[in-house]
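Working notes, beginning with the structure itself.
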Amino acid sequence: MAQAAALSPALREEASEIIGSYRGQPSGLIQVLSRLQEKLGYLPRDVLKEVADTLGVSLTEVYGVVTFYALFTLKPRGRHTINLCKGTACYVRGAAQLIERLKKDYGLKPGDTTDDGRYTLEVIRCLGACGLGPAIMIDKDVHARVKPEKLGEILSRYE
Ligand code: FES
């Protein structure tokens, strides 16, 4: 799994500027977190600490919000998200073999990001394409009846 790459000094400074514009405004918590998520791609711990200190809310409250809303992530995300369906229809058609192949060939476990920052793997319950299983969605593209030996070729289309 990829390490949380340190933010560049310039990006870190931009984060501080965003946070500073909400100084002493606890009601701006969700808004500042949204802006930081958009700017940084994830919410590093030291940034969350600065948010808590600057807005005047507890770190517990900040983490409560971050873990409640799915749009916030504590880990860096890959450039592409692989949503792999592990719902019943896909499972009986081989979703487990796809997970196995992603682990073997890319070192990916659900929730992980590849070391090169290219892919993040998420396992979901249904993509709404149950008759086409096993199905995966990469970014916004659904791929149907995916065979493990085809995964590499499909993923290679996503730089
Ligand atoms: S179970 Fe996989 S798309 Fe519905």
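Identifiers for the structure tokens are assigned positionally: chains receive A, B, ... in sequence, residues are indexed from 1 per chain, and ligands are indexed from 1 in the order shown.
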Problem set entry | Exercise: Gly152 of chain A partners within 10 Å, only C-alpha atoms, chain neighbours under 4 positions left out, as a ChimeraX atom specification | /A:101-102,105-106,147-148,156-157
How would the residues just chosen look if you wrote them out with C-alpha atoms as a JSON list (two decimals), in the first residue's frame?
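What landed in result-v5.json:
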```
[["chain", "number", "residue", "atom", "x", "y", "z"],
["A", 101, "ARG", "CA", -5.81, -11.05, -9.14],
["A", 102, "LEU", "CA", -5.67, -7.39, -8.08],
["A", 105, "ASP", "CA", -0.63, -8.36, -9.68],
["A", 106, "TYR", "CA", -1.01, -4.92, -8.13],
["A", 147, "LYS", "CA", -12.23, -12.15, -16.51],
["A", 148, "PRO", "CA", -9.13, -12.10, -14.30],
["A", 156, "SER", "CA", -3.76, -0.36, -18.69],
["A", 157, "ARG", "CA", -6.26, 1.97, -20.39]]
```
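Within segment 14-115 of chain A, residues classed as strand (DSSP E or B) by DSSP on backbone coordinates are His80, Thr81, Ile82, Asn83, Leu84, Cys85 and Thr113 of chain A.
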Writer output for current selection, N, CA and C atoms, as a CSV table (one decimal), in the first residue's frame:
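Output saved as part-v2.csv:
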```csv
chain,number,residue,atom,x,y,z
A,80,HIS,N,-7.2,6.8,-10.3
A,80,HIS,CA,-8.4,6.1,-10.8
A,80,HIS,C,-8.9,5.2,-9.7
A,81,THR,N,-10.2,5.2,-9.6
A,81,THR,CA,-10.8,4.3,-8.6
A,81,THR,C,-11.5,3.1,-9.2
A,82,ILE,N,-11.1,1.9,-8.8
A,82,ILE,CA,-11.7,0.7,-9.2
A,82,ILE,C,-12.7,0.3,-8.2
A,83,ASN,N,-14.0,0.4,-8.6
A,83,ASN,CA,-15.1,-0.1,-7.8
A,83,ASN,C,-15.4,-1.5,-8.2
A,84,LEU,N,-15.1,-2.4,-7.4
A,84,LEU,CA,-15.3,-3.8,-7.7
A,84,LEU,C,-16.5,-4.3,-7.0
A,85,CYS,N,-17.5,-4.9,-7.7
A,85,CYS,CA,-18.7,-5.3,-7.1
A,85,CYS,C,-18.5,-6.7,-6.5
A,113,THR,N,-4.3,1.9,-2.1
A,113,THR,CA,-3.9,2.6,-3.3
A,113,THR,C,-2.6,2.0,-3.7
```
For this session: Around ligand 1, at most 10 Å away and counting only C-alpha atoms and all ligand atoms, which residues are there? Put them as a list in words, please.
Result: Leu84, Cys85, Lys86, Gly87, Thr88, Ala89, Cys90, Tyr91, Val92, Arg93, Ala95, Ile124, Arg125, Cys126, Leu127, Gly128, Ala129, Cys130, Gly131, Leu132, Gly133, Pro134, Ala135, Ile136, Met137, Val142 and Ala144 of chain A
Quick one: write out the picked residues with C-alpha atoms as a PDB file, in the first residue's frame?
```pdb
ATOM      1  CA  LEU A  84     -15.283  -3.845  -7.718  1.00  0.00           C
ATOM      2  CA  CYS A  85     -18.705  -5.331  -7.106  1.00  0.00           C
ATOM      3  CA  LYS A  86     -18.805  -8.087  -4.559  1.00  0.00           C
ATOM      4  CA  GLY A  87     -22.584  -8.411  -4.551  1.00  0.00           C
ATOM      5  CA  THR A  88     -24.095 -11.884  -4.743  1.00  0.00           C
ATOM      6  CA  ALA A  89     -24.635 -11.938  -8.498  1.00  0.00           C
ATOM      7  CA  CYS A  90     -21.071 -10.862  -9.188  1.00  0.00           C
ATOM      8  CA  TYR A  91     -19.621 -13.009  -6.461  1.00  0.00           C
ATOM      9  CA  VAL A  92     -21.027 -16.229  -7.872  1.00  0.00           C
ATOM     10  CA  ARG A  93     -19.626 -15.261 -11.252  1.00  0.00           C
ATOM     11  CA  ALA A  95     -15.646 -11.448  -8.228  1.00  0.00           C
ATOM     12  CA  ILE A 124     -18.940  -2.271  -3.271  1.00  0.00           C
ATOM     13  CA  ARG A 125     -22.181  -4.226  -2.948  1.00  0.00           C
ATOM     14  CA  CYS A 126     -23.855  -3.642  -6.272  1.00  0.00           C
ATOM     15  CA  LEU A 127     -23.239  -1.599  -9.378  1.00  0.00           C
ATOM     16  CA  GLY A 128     -26.720  -2.127 -10.742  1.00  0.00           C
ATOM     17  CA  ALA A 129     -25.383  -4.338 -13.524  1.00  0.00           C
ATOM     18  CA  CYS A 130     -26.111  -7.667 -11.873  1.00  0.00           C
ATOM     19  CA  GLY A 131     -26.822  -9.526 -15.130  1.00  0.00           C
ATOM     20  CA  LEU A 132     -23.383  -8.533 -16.390  1.00  0.00           C
ATOM     21  CA  GLY A 133     -21.267  -9.798 -13.538  1.00  0.00           C
ATOM     22  CA  PRO A 134     -18.630  -9.872 -12.489  1.00  0.00           C
ATOM     23  CA  ALA A 135     -18.689  -6.139 -13.006  1.00  0.00           C
ATOM     24  CA  ILE A 136     -16.218  -3.427 -12.132  1.00  0.00           C
ATOM     25  CA  MET A 137     -16.442   0.312 -12.550  1.00  0.00           C
ATOM     26  CA  VAL A 142     -18.574   0.007 -16.168  1.00  0.00           C
ATOM     27  CA  ALA A 144     -18.962  -6.216 -17.642  1.00  0.00           C
TER      28      ALA A 144
END
```
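Using only C-alpha atoms, the nearest neighbour of Val47 of chain A within the list A:Arg12, A:Lys103, A:Lys109, A:Lys140 is A:Arg12.
Around Ser16 of chain A, within 10 Å and counting only C-alpha atoms, the residues found are A:Ala10, A:Leu11, A:Ser21, A:Leu36, A:Val47, A:Glu50, A:Val51, A:Thr54, once anything fewer than 5 positions away on its own chain is removed.
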Output C-alpha atoms for every residue in that selection, as a tab-separated table (two decimals), in the first residue's frame.
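Okay, part11.tsv is ready:
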```
chain	number	residue	atom	x	y	z
A	10	ALA	CA	3.32	24.95	-1.62
A	11	LEU	CA	0.22	22.80	-1.23
A	21	SER	CA	-9.93	31.99	6.28
A	36	LEU	CA	-9.31	20.94	1.65
A	47	VAL	CA	-4.02	19.38	8.43
A	50	GLU	CA	-4.65	22.70	12.23
A	51	VAL	CA	-8.34	22.82	11.30
A	54	THR	CA	-7.80	27.33	13.99
```
For this session: Can you pull out every residue within 8 Å of segment 59-70 of chain A, counting only C-alpha atoms, but drop anything in the same chain fewer than 5 positions away, and send it as a VMD selection string?
Result: chain A and resid 29 to 30 33 48 to 49 51 to 52
Exercise. Counting only C-alpha atoms, what is within 10 Å of Gly24 of chain A, bar same-chain residues fewer than 3 positions away, as a ChimeraX atom specification?
Worked result: /A:20-21,27-28,52-57
Put those residues in a file: N, CA and C atoms, as a PDB file, in the first residue's frame.
```
ATOM      1  N   GLY A  20      -6.986  29.225   7.443  1.00  0.00           N
ATOM      2  CA  GLY A  20      -6.932  30.531   8.094  1.00  0.00           C
ATOM      3  C   GLY A  20      -8.154  31.395   7.800  1.00  0.00           C
ATOM      4  N   SER A  21      -8.766  31.164   6.629  1.00  0.00           N
ATOM      5  CA  SER A  21      -9.933  31.987   6.282  1.00  0.00           C
ATOM      6  C   SER A  21     -11.179  31.587   7.093  1.00  0.00           C
ATOM      7  N   SER A  27     -18.630  26.892  12.704  1.00  0.00           N
ATOM      8  CA  SER A  27     -19.716  26.511  11.783  1.00  0.00           C
ATOM      9  C   SER A  27     -19.206  26.280  10.359  1.00  0.00           C
ATOM     10  N   GLY A  28     -17.958  26.668  10.107  1.00  0.00           N
ATOM     11  CA  GLY A  28     -17.401  26.481   8.763  1.00  0.00           C
ATOM     12  C   GLY A  28     -16.687  25.146   8.604  1.00  0.00           C
ATOM     13  N   ALA A  52      -8.731  21.965  13.535  1.00  0.00           N
ATOM     14  CA  ALA A  52      -9.317  21.977  14.881  1.00  0.00           C
ATOM     15  C   ALA A  52      -8.836  23.203  15.652  1.00  0.00           C
ATOM     16  N   ASP A  53      -7.520  23.429  15.646  1.00  0.00           N
ATOM     17  CA  ASP A  53      -6.942  24.543  16.409  1.00  0.00           C
ATOM     18  C   ASP A  53      -7.423  25.899  15.889  1.00  0.00           C
ATOM     19  N   THR A  54      -7.490  26.016  14.578  1.00  0.00           N
ATOM     20  CA  THR A  54      -7.802  27.327  13.989  1.00  0.00           C
ATOM     21  C   THR A  54      -9.284  27.671  14.095  1.00  0.00           C
ATOM     22  N   LEU A  55     -10.140  26.671  13.881  1.00  0.00           N
ATOM     23  CA  LEU A  55     -11.582  26.951  13.944  1.00  0.00           C
ATOM     24  C   LEU A  55     -12.083  26.980  15.385  1.00  0.00           C
ATOM     25  N   GLY A  56     -11.315  26.341  16.275  1.00  0.00           N
ATOM     26  CA  GLY A  56     -11.741  26.290  17.665  1.00  0.00           C
ATOM     27  C   GLY A  56     -12.739  25.171  17.934  1.00  0.00           C
ATOM     28  N   VAL A  57     -12.512  24.023  17.278  1.00  0.00           N
ATOM     29  CA  VAL A  57     -13.330  22.842  17.574  1.00  0.00           C
ATOM     30  C   VAL A  57     -12.399  21.726  18.027  1.00  0.00           C
TER      31      VAL A  57
END
```
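Nearest residue to Val123 of chain A, choosing from A:Pro110, A:Pro26, A:Gly41, A:Gly94 and counting only C-alpha atoms: A:Pro110.
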Seminar exercise, completed: With distances taken over only C-alpha atoms, the candidate from A:Thr114, A:Thr73, A:Gln31, A:Gln25 nearest Arg45 of chain A is A:Thr73
